[in-house]
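query.cif (mmCIF, C-alpha atoms) appears below.
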data_work
#
loop_
_atom_site.label_atom_id
_atom_site.label_comp_id
_atom_site.auth_asym_id
_atom_site.auth_seq_id
_atom_site.Cartn_x
_atom_site.Cartn_y
_atom_site.Cartn_z
CA MET A 30 -4.23 20.41 19.72
CA ARG A 31 -1.18 21.65 17.77
CA PHE A 32 1.45 19.44 16.17
CA THR A 33 3.71 19.15 13.13
CA ALA A 34 2.61 17.67 9.82
CA ALA A 35 3.85 17.58 6.22
CA VAL A 36 1.41 19.64 4.15
CA LEU A 37 1.03 19.47 0.37
CA ARG A 38 -0.36 22.81 -0.80
CA SER A 39 -0.41 22.33 -4.56
CA TYR A 40 0.01 19.46 -7.01
CA GLU A 41 3.36 20.82 -8.17
CA SER A 42 4.85 21.96 -4.84
CA ARG A 43 7.04 20.14 -2.36
CA PHE A 44 5.81 19.08 1.07
CA THR A 45 6.26 21.69 3.80
CA LEU A 46 6.51 20.95 7.51
CA GLU A 47 3.93 23.11 9.26
CA GLU A 48 2.11 23.47 12.53
CA VAL A 49 -1.44 22.14 12.14
CA MET A 50 -4.39 22.03 14.49
CA LEU A 51 -7.01 19.49 15.50
CA ARG A 52 -9.86 21.56 16.88
CA ALA A 53 -11.72 18.74 18.62
CA GLY A 54 -10.89 15.48 20.34
CA PRO A 55 -12.03 12.03 19.19
CA GLY A 56 -15.73 11.63 18.58
CA ASP A 57 -17.70 8.42 18.96
CA GLY A 58 -15.84 5.55 17.31
CA GLU A 59 -12.64 7.56 16.80
CA ILE A 60 -9.15 7.34 18.25
CA LEU A 61 -6.20 9.73 18.42
CA VAL A 62 -2.92 8.04 17.52
CA LYS A 63 0.62 9.27 18.10
CA ILE A 64 2.36 8.27 14.87
CA ALA A 65 5.57 6.27 15.30
CA GLY A 66 6.17 5.76 11.58
CA CYS A 67 4.35 6.14 8.27
CA GLY A 68 5.18 4.46 4.99
CA MET A 69 5.24 6.47 1.78
CA CYS A 70 3.09 4.78 -0.85
CA ARG A 71 2.88 5.36 -4.60
CA THR A 72 -0.75 6.36 -4.05
CA ASP A 73 0.40 9.33 -1.97
CA LEU A 74 2.67 10.44 -4.80
CA ALA A 75 0.04 9.79 -7.48
CA VAL A 76 -1.92 12.76 -6.13
CA ARG A 77 0.40 14.89 -8.25
CA HIS A 78 -0.67 13.04 -11.41
CA SER A 79 -4.42 13.23 -10.82
CA ALA A 80 -4.77 16.94 -10.15
CA GLY A 81 -8.25 17.87 -8.99
CA ARG A 82 -9.21 14.41 -7.84
CA SER A 83 -7.84 14.84 -4.33
CA PRO A 84 -8.48 18.17 -2.61
CA LEU A 85 -5.57 20.33 -1.47
CA PRO A 86 -4.08 21.59 0.74
CA ALA A 87 -3.89 18.32 2.58
CA VAL A 88 -1.85 16.13 4.86
CA LEU A 89 -1.32 12.86 3.02
CA GLY A 90 0.00 9.58 4.39
CA HIS A 91 -1.98 6.36 4.72
CA GLU A 92 0.45 3.76 6.04
CA GLY A 93 0.60 4.97 9.62
CA ALA A 94 1.35 3.05 12.79
CA GLY A 95 1.58 4.26 16.36
CA ILE A 96 0.16 4.31 19.85
CA VAL A 97 -3.39 5.21 20.90
CA VAL A 98 -3.34 8.28 23.15
CA GLU A 99 -7.08 8.99 23.39
CA THR A 100 -10.31 7.21 22.52
CA GLY A 101 -13.75 8.59 21.74
CA GLY A 102 -16.08 6.62 23.96
CA PRO A 103 -16.18 3.03 25.16
CA ASP A 104 -17.16 1.41 21.86
CA THR A 105 -13.90 1.71 19.94
CA GLY A 106 -12.60 -1.68 21.11
CA LEU A 107 -9.24 -0.02 21.77
CA SER A 108 -7.56 1.49 24.83
CA THR A 109 -4.98 4.15 25.52
CA GLY A 110 -1.53 2.65 25.06
CA ASP A 111 -2.55 0.12 22.42
CA HIS A 112 -0.15 -0.24 19.50
CA VAL A 113 -2.02 -0.06 16.20
CA VAL A 114 -1.45 -0.27 12.45
CA LEU A 115 -3.74 2.01 10.43
CA SER A 116 -5.37 0.96 7.18
CA PHE A 117 -7.93 2.37 4.73
CA ASP A 118 -11.34 3.84 5.60
CA SER A 119 -14.70 2.24 4.81
CA CYS A 120 -18.30 2.91 5.73
CA GLY A 121 -18.81 -0.40 7.55
CA HIS A 122 -22.45 -0.82 6.55
CA CYS A 123 -22.74 -1.15 2.73
CA ARG A 124 -23.22 -4.58 1.19
CA ASN A 125 -19.52 -5.07 0.39
CA CYS A 126 -18.39 -3.97 3.84
CA MET A 127 -20.91 -6.34 5.41
CA SER A 128 -19.62 -9.10 3.11
CA ALA A 129 -16.01 -8.82 4.37
CA ALA A 130 -14.93 -6.83 1.30
CA PRO A 131 -14.22 -3.37 2.76
CA ALA A 132 -11.79 -2.48 -0.05
CA TYR A 133 -14.82 -2.39 -2.36
CA CYS A 134 -16.88 -0.18 -0.05
CA ASP A 135 -19.51 1.85 -1.89
CA SER A 136 -17.93 4.99 -0.42
CA PHE A 137 -14.27 3.99 -0.86
CA ALA A 138 -13.33 6.82 -3.24
CA THR A 139 -15.11 9.48 -1.18
CA LEU A 140 -13.63 8.36 2.12
CA ASN A 141 -10.10 7.69 0.91
CA LEU A 142 -9.14 9.37 -2.35
CA PHE A 143 -11.19 12.54 -1.95
CA GLY A 144 -9.70 13.43 1.42
CA GLY A 145 -12.18 12.18 3.98
CA ARG A 146 -15.57 12.81 5.48
CA GLU A 147 -17.16 16.22 4.88
CA GLU A 148 -18.42 16.44 8.46
CA HIS A 149 -14.80 16.57 9.63
CA ALA A 150 -13.66 19.38 7.32
CA ALA A 151 -13.68 22.12 9.98
CA ARG A 152 -11.75 20.06 12.53
CA PHE A 153 -8.34 20.01 10.81
CA THR A 154 -6.67 23.32 9.92
CA ASP A 155 -3.32 24.95 9.42
CA ALA A 156 -1.92 27.35 12.03
CA GLY A 157 -3.81 30.25 10.43
CA GLY A 158 -7.15 28.47 10.70
CA SER A 159 -7.53 27.57 7.01
CA ALA A 160 -9.05 24.15 6.45
CA LEU A 161 -6.99 21.18 5.33
CA ALA A 162 -8.54 18.18 3.58
CA PRO A 163 -9.89 16.38 6.64
CA ARG A 164 -8.57 12.85 6.46
CA TRP A 165 -6.63 11.18 3.62
CA PHE A 166 -7.47 7.45 3.63
CA GLY A 167 -9.00 8.02 7.06
CA GLN A 168 -5.58 8.96 8.46
CA SER A 169 -3.51 11.87 7.11
CA SER A 170 -0.57 10.27 8.89
CA PHE A 171 2.39 12.24 7.48
CA ALA A 172 2.21 13.89 10.88
CA GLU A 173 2.97 13.51 14.56
CA TYR A 174 -0.65 12.61 15.32
CA ALA A 175 -3.63 11.26 13.39
CA MET A 176 -7.34 11.13 14.20
CA VAL A 177 -8.81 7.98 12.72
CA PRO A 178 -11.93 5.82 12.88
CA ALA A 179 -11.26 2.93 15.23
CA ARG A 180 -12.41 0.65 12.41
CA ASN A 181 -9.24 1.64 10.51
CA ALA A 182 -6.94 0.55 13.34
CA VAL A 183 -5.62 -2.96 13.96
CA ARG A 184 -4.13 -3.74 17.36
CA VAL A 185 -0.71 -5.42 17.21
CA ASP A 186 1.73 -7.00 19.63
CA PRO A 187 3.44 -4.16 21.56
CA THR A 188 6.79 -5.99 21.38
CA LEU A 189 6.90 -5.47 17.60
CA PRO A 190 8.84 -2.50 16.10
CA ILE A 191 5.80 -0.27 15.73
CA GLU A 192 7.69 2.40 13.76
CA LEU A 193 8.19 -0.09 10.88
CA LEU A 194 4.71 -1.62 10.73
CA GLY A 195 2.79 1.09 8.85
CA PRO A 196 3.28 -0.37 5.34
CA LEU A 197 1.40 -3.47 6.50
CA GLY A 198 -1.72 -1.28 6.27
CA CYS A 199 -1.57 -0.77 2.50
CA GLY A 200 1.42 -1.62 0.27
CA PHE A 201 2.48 -4.86 1.91
CA LEU A 202 -1.18 -5.72 2.61
CA THR A 203 -1.96 -5.38 -1.11
CA GLY A 204 0.81 -7.68 -2.36
CA ALA A 205 0.39 -10.30 0.34
CA GLY A 206 -3.40 -10.17 0.19
CA ALA A 207 -3.38 -10.75 -3.56
CA VAL A 208 -1.42 -13.96 -2.98
CA PHE A 209 -3.30 -15.24 0.06
CA HIS A 210 -6.83 -14.04 -0.71
CA SER A 211 -7.30 -13.11 -4.37
CA PHE A 212 -5.34 -16.13 -5.63
CA GLY A 213 -5.33 -18.56 -2.71
CA VAL A 214 -1.78 -19.65 -3.54
CA GLY A 215 -0.69 -22.97 -2.08
CA PRO A 216 2.28 -25.33 -2.06
CA GLY A 217 3.48 -26.25 -5.54
CA ASP A 218 1.79 -23.35 -7.29
CA THR A 219 3.76 -21.01 -9.54
CA VAL A 220 3.49 -17.23 -9.31
CA ALA A 221 4.94 -14.58 -11.64
CA VAL A 222 5.24 -11.09 -10.19
CA TYR A 223 5.73 -8.19 -12.61
CA GLY A 224 7.39 -5.23 -10.91
CA ALA A 225 9.62 -5.74 -7.87
CA GLY A 226 8.54 -2.71 -5.86
CA ALA A 227 6.93 -2.74 -2.44
CA VAL A 228 3.70 -4.44 -3.55
CA GLY A 229 5.47 -6.90 -5.84
CA LEU A 230 8.07 -7.91 -3.26
CA ALA A 231 5.37 -8.32 -0.61
CA ALA A 232 3.71 -10.72 -3.04
CA VAL A 233 7.04 -12.54 -3.48
CA MET A 234 7.39 -12.97 0.30
CA ALA A 235 3.81 -14.15 0.68
CA ALA A 236 4.08 -16.62 -2.21
CA THR A 237 7.28 -18.02 -0.74
CA ALA A 238 5.60 -18.34 2.65
CA ALA A 239 2.74 -20.20 0.95
CA GLY A 240 5.17 -22.72 -0.58
CA ALA A 241 4.98 -21.48 -4.17
CA VAL A 242 7.68 -21.16 -6.79
CA THR A 243 7.94 -17.46 -7.63
CA VAL A 244 9.43 -15.56 -10.55
CA ALA A 245 10.07 -11.83 -10.12
CA VAL A 246 10.24 -9.72 -13.30
CA ASP A 247 11.84 -6.27 -13.29
CA ARG A 248 14.27 -4.12 -15.27
CA HIS A 249 16.30 -2.92 -12.26
CA PRO A 250 19.14 -5.29 -11.29
CA GLU A 251 19.17 -4.13 -7.66
CA ARG A 252 15.45 -4.91 -7.29
CA LEU A 253 16.01 -8.36 -8.81
CA ALA A 254 18.88 -8.99 -6.41
CA LEU A 255 16.56 -8.22 -3.51
CA ALA A 256 13.87 -10.48 -4.97
CA GLU A 257 16.42 -13.27 -5.23
CA ARG A 258 17.35 -12.82 -1.55
CA LEU A 259 13.63 -13.24 -0.85
CA HIS A 260 13.74 -16.61 -2.67
CA ALA A 261 12.27 -15.59 -6.03
CA ILE A 262 13.75 -16.52 -9.39
CA PRO A 263 14.92 -13.15 -10.83
CA LEU A 264 14.11 -12.39 -14.45
CA HIS A 265 15.45 -9.29 -16.14
CA ALA A 266 12.98 -7.55 -18.44
CA ALA A 267 14.57 -4.63 -20.25
CA PRO A 268 12.64 -3.49 -23.36
CA ALA A 269 14.83 -5.69 -25.60
CA ASP A 270 13.89 -8.75 -23.51
CA LEU A 271 10.11 -8.35 -23.73
CA PRO A 272 9.32 -10.30 -26.93
CA ASP A 273 10.70 -13.51 -25.39
CA LEU A 274 9.24 -12.92 -21.93
CA PRO A 275 6.21 -15.26 -22.12
CA ASP A 276 8.35 -18.15 -23.36
CA ARG A 277 10.90 -17.55 -20.61
CA ILE A 278 8.21 -17.49 -17.93
CA GLN A 279 6.60 -20.66 -19.27
CA HIS A 280 9.98 -22.39 -19.23
CA LEU A 281 10.75 -21.33 -15.66
CA THR A 282 7.29 -22.36 -14.43
CA ASP A 283 7.10 -25.68 -16.29
CA GLY A 284 4.31 -24.74 -18.69
CA GLY A 285 3.09 -21.39 -17.42
CA ALA A 286 2.33 -19.64 -14.16
CA HIS A 287 -0.77 -20.53 -12.18
CA TYR A 288 -1.00 -16.92 -11.02
CA ALA A 289 0.50 -13.59 -12.04
CA LEU A 290 0.43 -10.19 -10.37
CA ASP A 291 1.10 -7.05 -12.39
CA THR A 292 2.09 -3.95 -10.43
CA THR A 293 3.24 -1.88 -13.41
CA GLY A 294 0.05 -0.99 -15.28
CA SER A 295 1.89 -1.49 -18.58
CA PRO A 296 -0.48 -2.80 -21.30
CA GLN A 297 2.46 -4.52 -23.02
CA LEU A 298 3.52 -6.35 -19.85
CA ILE A 299 -0.08 -7.25 -19.05
CA ASN A 300 -0.46 -8.96 -22.42
CA HIS A 301 2.84 -10.80 -21.91
CA ALA A 302 1.72 -11.85 -18.43
CA LEU A 303 -1.52 -13.29 -19.83
CA ARG A 304 0.36 -15.24 -22.49
CA ALA A 305 2.67 -16.65 -19.82
CA LEU A 306 -0.21 -18.13 -17.80
CA ARG A 307 -1.06 -21.78 -18.02
CA PRO A 308 -4.67 -22.74 -18.86
CA THR A 309 -7.11 -21.48 -16.18
CA GLY A 310 -4.41 -19.13 -14.87
CA HIS A 311 -5.36 -15.89 -13.12
CA LEU A 312 -3.73 -12.49 -13.64
CA GLY A 313 -4.35 -9.81 -11.01
CA LEU A 314 -3.81 -6.09 -11.63
CA VAL A 315 -3.13 -3.69 -8.77
CA ALA A 316 -1.96 -0.57 -10.63
CA ARG A 317 -4.44 1.97 -11.95
CA LEU A 318 -4.48 1.81 -15.76
CA ARG A 319 -3.79 5.20 -17.31
CA THR A 320 -4.15 4.12 -20.94
CA PRO A 321 -6.53 1.76 -22.79
CA LEU A 322 -5.77 -1.94 -22.43
CA PRO A 323 -6.16 -3.64 -25.82
CA LEU A 324 -5.84 -7.40 -25.34
CA GLU A 325 -4.02 -9.36 -27.99
CA PRO A 326 -5.85 -12.27 -29.67
CA GLY A 327 -5.58 -15.49 -27.71
CA THR A 328 -4.51 -13.98 -24.40
CA LEU A 329 -7.75 -14.96 -22.64
CA ASP A 330 -8.15 -18.37 -24.27
CA ARG A 331 -8.32 -21.65 -22.33
CA GLY A 332 -9.89 -20.34 -19.16
CA ARG A 333 -7.36 -17.63 -18.41
CA ARG A 334 -8.83 -14.68 -16.53
CA ILE A 335 -7.91 -11.19 -15.44
CA SER A 336 -9.18 -9.12 -12.52
CA HIS A 337 -8.40 -5.92 -10.66
CA ILE A 338 -7.35 -6.30 -7.01
CA CYS A 339 -7.84 -3.49 -4.49
CA GLU A 340 -6.03 -3.60 -1.14
CA GLY A 341 -5.31 -7.29 -1.62
CA ASP A 342 -9.01 -8.20 -1.19
CA ALA A 343 -8.09 -8.12 2.50
CA VAL A 344 -9.85 -7.55 5.77
CA PRO A 345 -7.02 -5.65 7.49
CA GLY A 346 -7.98 -6.85 10.96
CA LEU A 347 -7.35 -10.42 9.84
CA LEU A 348 -4.44 -10.10 7.44
CA ILE A 349 -2.23 -7.67 9.37
CA PRO A 350 -1.93 -9.97 12.42
CA ARG A 351 -1.18 -12.86 10.05
CA LEU A 352 1.64 -10.89 8.46
CA THR A 353 3.14 -9.94 11.83
CA ARG A 354 3.09 -13.60 12.89
CA LEU A 355 4.85 -14.55 9.67
CA TRP A 356 7.43 -11.81 10.32
CA GLN A 357 8.03 -13.10 13.84
CA ALA A 358 8.60 -16.56 12.34
CA GLY A 359 11.12 -15.16 9.84
CA ARG A 360 8.85 -15.88 6.87
CA PHE A 361 7.83 -12.34 5.85
CA PRO A 362 10.99 -10.23 6.26
CA PHE A 363 9.46 -6.92 5.20
CA GLU A 364 12.09 -4.91 7.08
CA GLN A 365 14.47 -5.67 4.20
CA LEU A 366 12.37 -3.39 1.97
CA ILE A 367 12.36 -0.38 4.32
CA ARG A 368 14.54 2.68 4.67
CA THR A 369 13.62 5.16 7.39
CA TYR A 370 13.71 8.96 7.09
CA PRO A 371 12.92 11.75 9.56
CA LEU A 372 9.60 13.36 8.69
CA ALA A 373 11.58 16.54 7.97
CA ASP A 374 13.23 14.70 5.05
CA ILE A 375 9.94 13.81 3.35
CA ASN A 376 10.90 15.50 0.09
CA GLN A 377 14.14 13.52 -0.10
CA ALA A 378 12.15 10.35 0.59
CA GLU A 379 9.84 11.21 -2.32
CA ARG A 380 12.79 11.83 -4.65
CA ASP A 381 14.41 8.55 -3.64
CA CYS A 382 11.12 6.70 -4.13
CA ASP A 383 10.55 8.25 -7.57
CA ALA A 384 14.09 7.40 -8.63
CA GLY A 385 13.82 3.81 -7.44
CA ARG A 386 16.61 4.25 -4.88
CA VAL A 387 14.41 2.88 -2.11
CA VAL A 388 11.62 0.30 -2.14
CA LYS A 389 9.63 1.54 0.83
CA PRO A 390 10.42 4.82 2.60
CA VAL A 391 9.10 5.06 6.16
CA LEU A 392 8.89 8.52 7.75
CA ILE A 393 9.59 8.84 11.45
CA PRO A 394 8.02 11.96 13.04
CA ALA A 395 10.21 14.06 15.33
CA GLY A 396 9.18 16.28 18.22
CA LYS A 397 6.09 16.27 20.38
CA GLY A 398 2.57 17.55 20.02
CA ARG A 399 1.63 20.66 21.91
#
Mind turning the file's structure into structure tokens?
Amino acid sequence: MRFTAAVLRSYESRFTLEEVMLRAGPGDGEILVKIAGCGMCRTDLAVRHSAGRSPLPAVLGHEGAGIVVETGGPDTGLSTGDHVVLSFDSCGHCRNCMSAAPAYCDSFATLNLFGGREEHAARFTDAGGSALAPRWFGQSSFAEYAMVPARNAVRVDPTLPIELLGPLGCGFLTGAGAVFHSFGVGPGDTVAVYGAGAVGLAAVMAATAAGAVTVAVDRHPERLALAERLHAIPLHAAPADLPDLPDRIQHLTDGGAHYALDTTGSPQLINHALRALRPTGHLGLVARLRTPLPLEPGTLDRGRRISHICEGDAVPGLLIPRLTRLWQAGRFPFEQLIRTYPLADINQAERDCDAGRVVKPVLIPAGKGR
């Protein structure tokens, strides 16, 4: 099968739209999905900053959504015509997978960050027959079609705007899952969110839906304005504002936040976030730390704790339907974070994302498979 995909050939190059080939149909437990839309996530772009970790050339993209066009056998639990949101890959049989913690799968890095399963390497090539990394996050969905394990796919209501739902599989899942699952936020709780990007604003929407008082911290006025529209208290945090940040958070949350989510990976902000917690407060980190994290004296006193959160501690098959129901009820308006681009404009989408001009780009494939 031949179709168009955005290929990244080197860590420094731009994406190129190319004809690619799937040389076999779905195997047992797999499905072929026609992609209606795919979110662009910071993890896709971080490939450039971790050269050698993810094999190239590759088709990236791991926030895909679309329609099932073929299934590999009767045991997928899905049918042709089903609308699905695609999420991360997992083995399904290690202890963490069996304990409803697939984001901590023993094989998570191999299956997701290293490009996919080795047994699939010969199945996905460019037009000249040269191999592409087989399956980024089980998907490689910057493309017109994606072959994925059925376990990655979550069936959704076909009346929903399928082209916009892809970010529910990773970025929005991470922020909302941190609030609902990692923290268990409830009415009357206070939540401080550091970084008003896609993950942070998803956390803001989820915390609001849970009945919490939420403070959004960012240095970009336009992001804070969006957070305020989503019912968060906006708090500007330019470098000159940082020394007073813990006191300001404690004042706004009547003694300190119960929960805090850091999406920035900044050691300075992480220390401020810990200081702004009330006793027994919990700080969650979702960004990968690229520098050492020295903790200042006193930041973990009085029962405060810190943990890393991967994929919102979520089971996608449970959380994604919850988020779509909240959207239908007007309580998780994620469409306000999205700007759509044709797949052909993927490099512009990346530039806009890097520059902070858009919160969540969603790429819409054009044309048909051949």
Resolved residues for the PyMOL selection byres ((chain A and resi 329) around 10) as an mmCIF file with C-alpha atoms, in the frame of the given file:
data_model
loop_
_atom_site.group_PDB
_atom_site.id
_atom_site.type_symbol
_atom_site.label_atom_id
_atom_site.label_comp_id
_atom_site.auth_asym_id
_atom_site.auth_seq_id
_atom_site.Cartn_x
_atom_site.Cartn_y
_atom_site.Cartn_z
ATOM 1 C CA ASN A 300 -0.460 -8.960 -22.420
ATOM 2 C CA LEU A 303 -1.520 -13.290 -19.830
ATOM 3 C CA ARG A 304 0.360 -15.240 -22.490
ATOM 4 C CA LEU A 306 -0.210 -18.130 -17.800
ATOM 5 C CA PRO A 308 -4.670 -22.740 -18.860
ATOM 6 C CA THR A 309 -7.110 -21.480 -16.180
ATOM 7 C CA GLY A 310 -4.410 -19.130 -14.870
ATOM 8 C CA HIS A 311 -5.360 -15.890 -13.120
ATOM 9 C CA LEU A 324 -5.840 -7.400 -25.340
ATOM 10 C CA GLU A 325 -4.020 -9.360 -27.990
ATOM 11 C CA PRO A 326 -5.850 -12.270 -29.670
ATOM 12 C CA GLY A 327 -5.580 -15.490 -27.710
ATOM 13 C CA THR A 328 -4.510 -13.980 -24.400
ATOM 14 C CA ASP A 330 -8.150 -18.370 -24.270
ATOM 15 C CA ARG A 331 -8.320 -21.650 -22.330
ATOM 16 C CA GLY A 332 -9.890 -20.340 -19.160
ATOM 17 C CA ARG A 333 -7.360 -17.630 -18.410
ATOM 18 C CA ARG A 334 -8.830 -14.680 -16.530
ATOM 19 C CA ILE A 335 -7.910 -11.190 -15.440
#
Residues returned when the PyMOL selection byres ((chain A and resi 72-77) around 9) runs on this file, as a CSV table (one decimal) with C-alpha atoms, in the frame of the given file:
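Below is the file that was written, selection-v4.csv:
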chain,number,residue,atom,x,y,z
A,39,SER,CA,-0.4,22.3,-4.6
A,40,TYR,CA,0.0,19.5,-7.0
A,41,GLU,CA,3.4,20.8,-8.2
A,69,MET,CA,5.2,6.5,1.8
A,70,CYS,CA,3.1,4.8,-0.8
A,71,ARG,CA,2.9,5.4,-4.6
A,78,HIS,CA,-0.7,13.0,-11.4
A,79,SER,CA,-4.4,13.2,-10.8
A,80,ALA,CA,-4.8,16.9,-10.2
A,81,GLY,CA,-8.2,17.9,-9.0
A,82,ARG,CA,-9.2,14.4,-7.8
A,83,SER,CA,-7.8,14.8,-4.3
A,89,LEU,CA,-1.3,12.9,3.0
A,90,GLY,CA,0.0,9.6,4.4
A,91,HIS,CA,-2.0,6.4,4.7
A,142,LEU,CA,-9.1,9.4,-2.4
A,379,GLU,CA,9.8,11.2,-2.3
A,383,ASP,CA,10.6,8.2,-7.6
Emit as JSON the padded axis-aligned box for all listed atoms of region 273-284 of chain A, 3 Å per side, with centre and edge lengths in Å to one decimal.
{"center_x": 7.6, "center_y": -19.3, "center_z": -19.9, "size_x": 12.6, "size_y": 18.8, "size_z": 17.0}
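Across the chains present, the PyMOL selection byres ((chain A and resi 88) around 6) applied to this file returns Val36, Ala87, Leu89 and Ser169 of chain A.
Shortest atom-to-atom contact with Arg184 (chain A) among A:Leu392, A:Ile96, A:Met30, A:Ala245: A:Ile96, counting all atoms listed in the file.
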Return as JSON lines the residues of region 268-326 of chain A lying at most 10 Å from region 221-243 of chain A, together with the closest atom-to-atom pair for each and the distance in Å to one decimal, counting only C-alpha atoms, with rows in chain order and ascending residue number.
{"residue": "A:Ile278", "atom": "CA", "partner": "A:Ala221", "partner_atom": "CA", "distance": 7.7}
{"residue": "A:Gln279", "atom": "CA", "partner": "A:Ala221", "partner_atom": "CA", "distance": 9.9}
{"residue": "A:Leu281", "atom": "CA", "partner": "A:Thr243", "partner_atom": "CA", "distance": 9.3}
{"residue": "A:Thr282", "atom": "CA", "partner": "A:Val242", "partner_atom": "CA", "distance": 7.7}
{"residue": "A:Gly285", "atom": "CA", "partner": "A:Ala221", "partner_atom": "CA", "distance": 9.1}
{"residue": "A:Ala286", "atom": "CA", "partner": "A:Ala221", "partner_atom": "CA", "distance": 6.2}
{"residue": "A:His287", "atom": "CA", "partner": "A:Ala221", "partner_atom": "CA", "distance": 8.3}
{"residue": "A:Tyr288", "atom": "CA", "partner": "A:Ala221", "partner_atom": "CA", "distance": 6.4}
{"residue": "A:Ala289", "atom": "CA", "partner": "A:Ala221", "partner_atom": "CA", "distance": 4.6}
{"residue": "A:Leu290", "atom": "CA", "partner": "A:Val222", "partner_atom": "CA", "distance": 4.9}
{"residue": "A:Asp291", "atom": "CA", "partner": "A:Tyr223", "partner_atom": "CA", "distance": 4.8}
{"residue": "A:Thr292", "atom": "CA", "partner": "A:Gly224", "partner_atom": "CA", "distance": 5.5}
{"residue": "A:Thr293", "atom": "CA", "partner": "A:Gly224", "partner_atom": "CA", "distance": 5.9}
{"residue": "A:Gly294", "atom": "CA", "partner": "A:Gly224", "partner_atom": "CA", "distance": 9.5}
{"residue": "A:Ser295", "atom": "CA", "partner": "A:Tyr223", "partner_atom": "CA", "distance": 9.8}
{"residue": "A:Leu298", "atom": "CA", "partner": "A:Tyr223", "partner_atom": "CA", "distance": 7.8}
{"residue": "A:Ile299", "atom": "CA", "partner": "A:Tyr223", "partner_atom": "CA", "distance": 8.7}
{"residue": "A:Ala302", "atom": "CA", "partner": "A:Tyr223", "partner_atom": "CA", "distance": 8.0}
{"residue": "A:Ala305", "atom": "CA", "partner": "A:Ala221", "partner_atom": "CA", "distance": 8.7}
{"residue": "A:Leu306", "atom": "CA", "partner": "A:Ala221", "partner_atom": "CA", "distance": 8.8}
{"residue": "A:Leu312", "atom": "CA", "partner": "A:Ala221", "partner_atom": "CA", "distance": 9.1}
{"residue": "A:Gly313", "atom": "CA", "partner": "A:Val222", "partner_atom": "CA", "distance": 9.7}
{"residue": "A:Leu314", "atom": "CA", "partner": "A:Tyr223", "partner_atom": "CA", "distance": 9.8}
{"residue": "A:Val315", "atom": "CA", "partner": "A:Val228", "partner_atom": "CA", "distance": 8.6}
{"residue": "A:Ala316", "atom": "CA", "partner": "A:Val228", "partner_atom": "CA", "distance": 9.9}
Using all atoms listed in the file, the shortest atom-to-atom distance to Pro178 (chain A) among A:Val113, A:Ile393, A:Ile367, A:Ala358 belongs to A:Val113
Counting all atoms listed in the file, which residue out of A:Leu115, A:Leu255, A:Val97, A:Val246 sits closest to Pro275 (chain A)?
A:Val246
Please determine, counting only C-alpha atoms, which residue among A:Asp118, A:Asp155, A:Glu92, A:Asp57 has the shortest atom-to-atom distance to Leu193 (chain A).
A:Glu92
Env of region 170-177 of chain A: 7 Å cut, atoms = all atoms listed in the file, seq-sep filter 5 positions within chain, self excluded. Answer as a list in words.
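Result of the neighbour search: Phe32, Thr33, Ala34, Ala35, Pro55, Glu59, Ile60, Leu61, Val62, Lys63, Ile64, Cys67, Val88, Leu89, Gly90, His91, Gly93, Pro394 and Gly398 of chain A.
One distance worth recording is that between CA of Arg351 (chain A) and CA of His337 (chain A), which is 23.0 Å.
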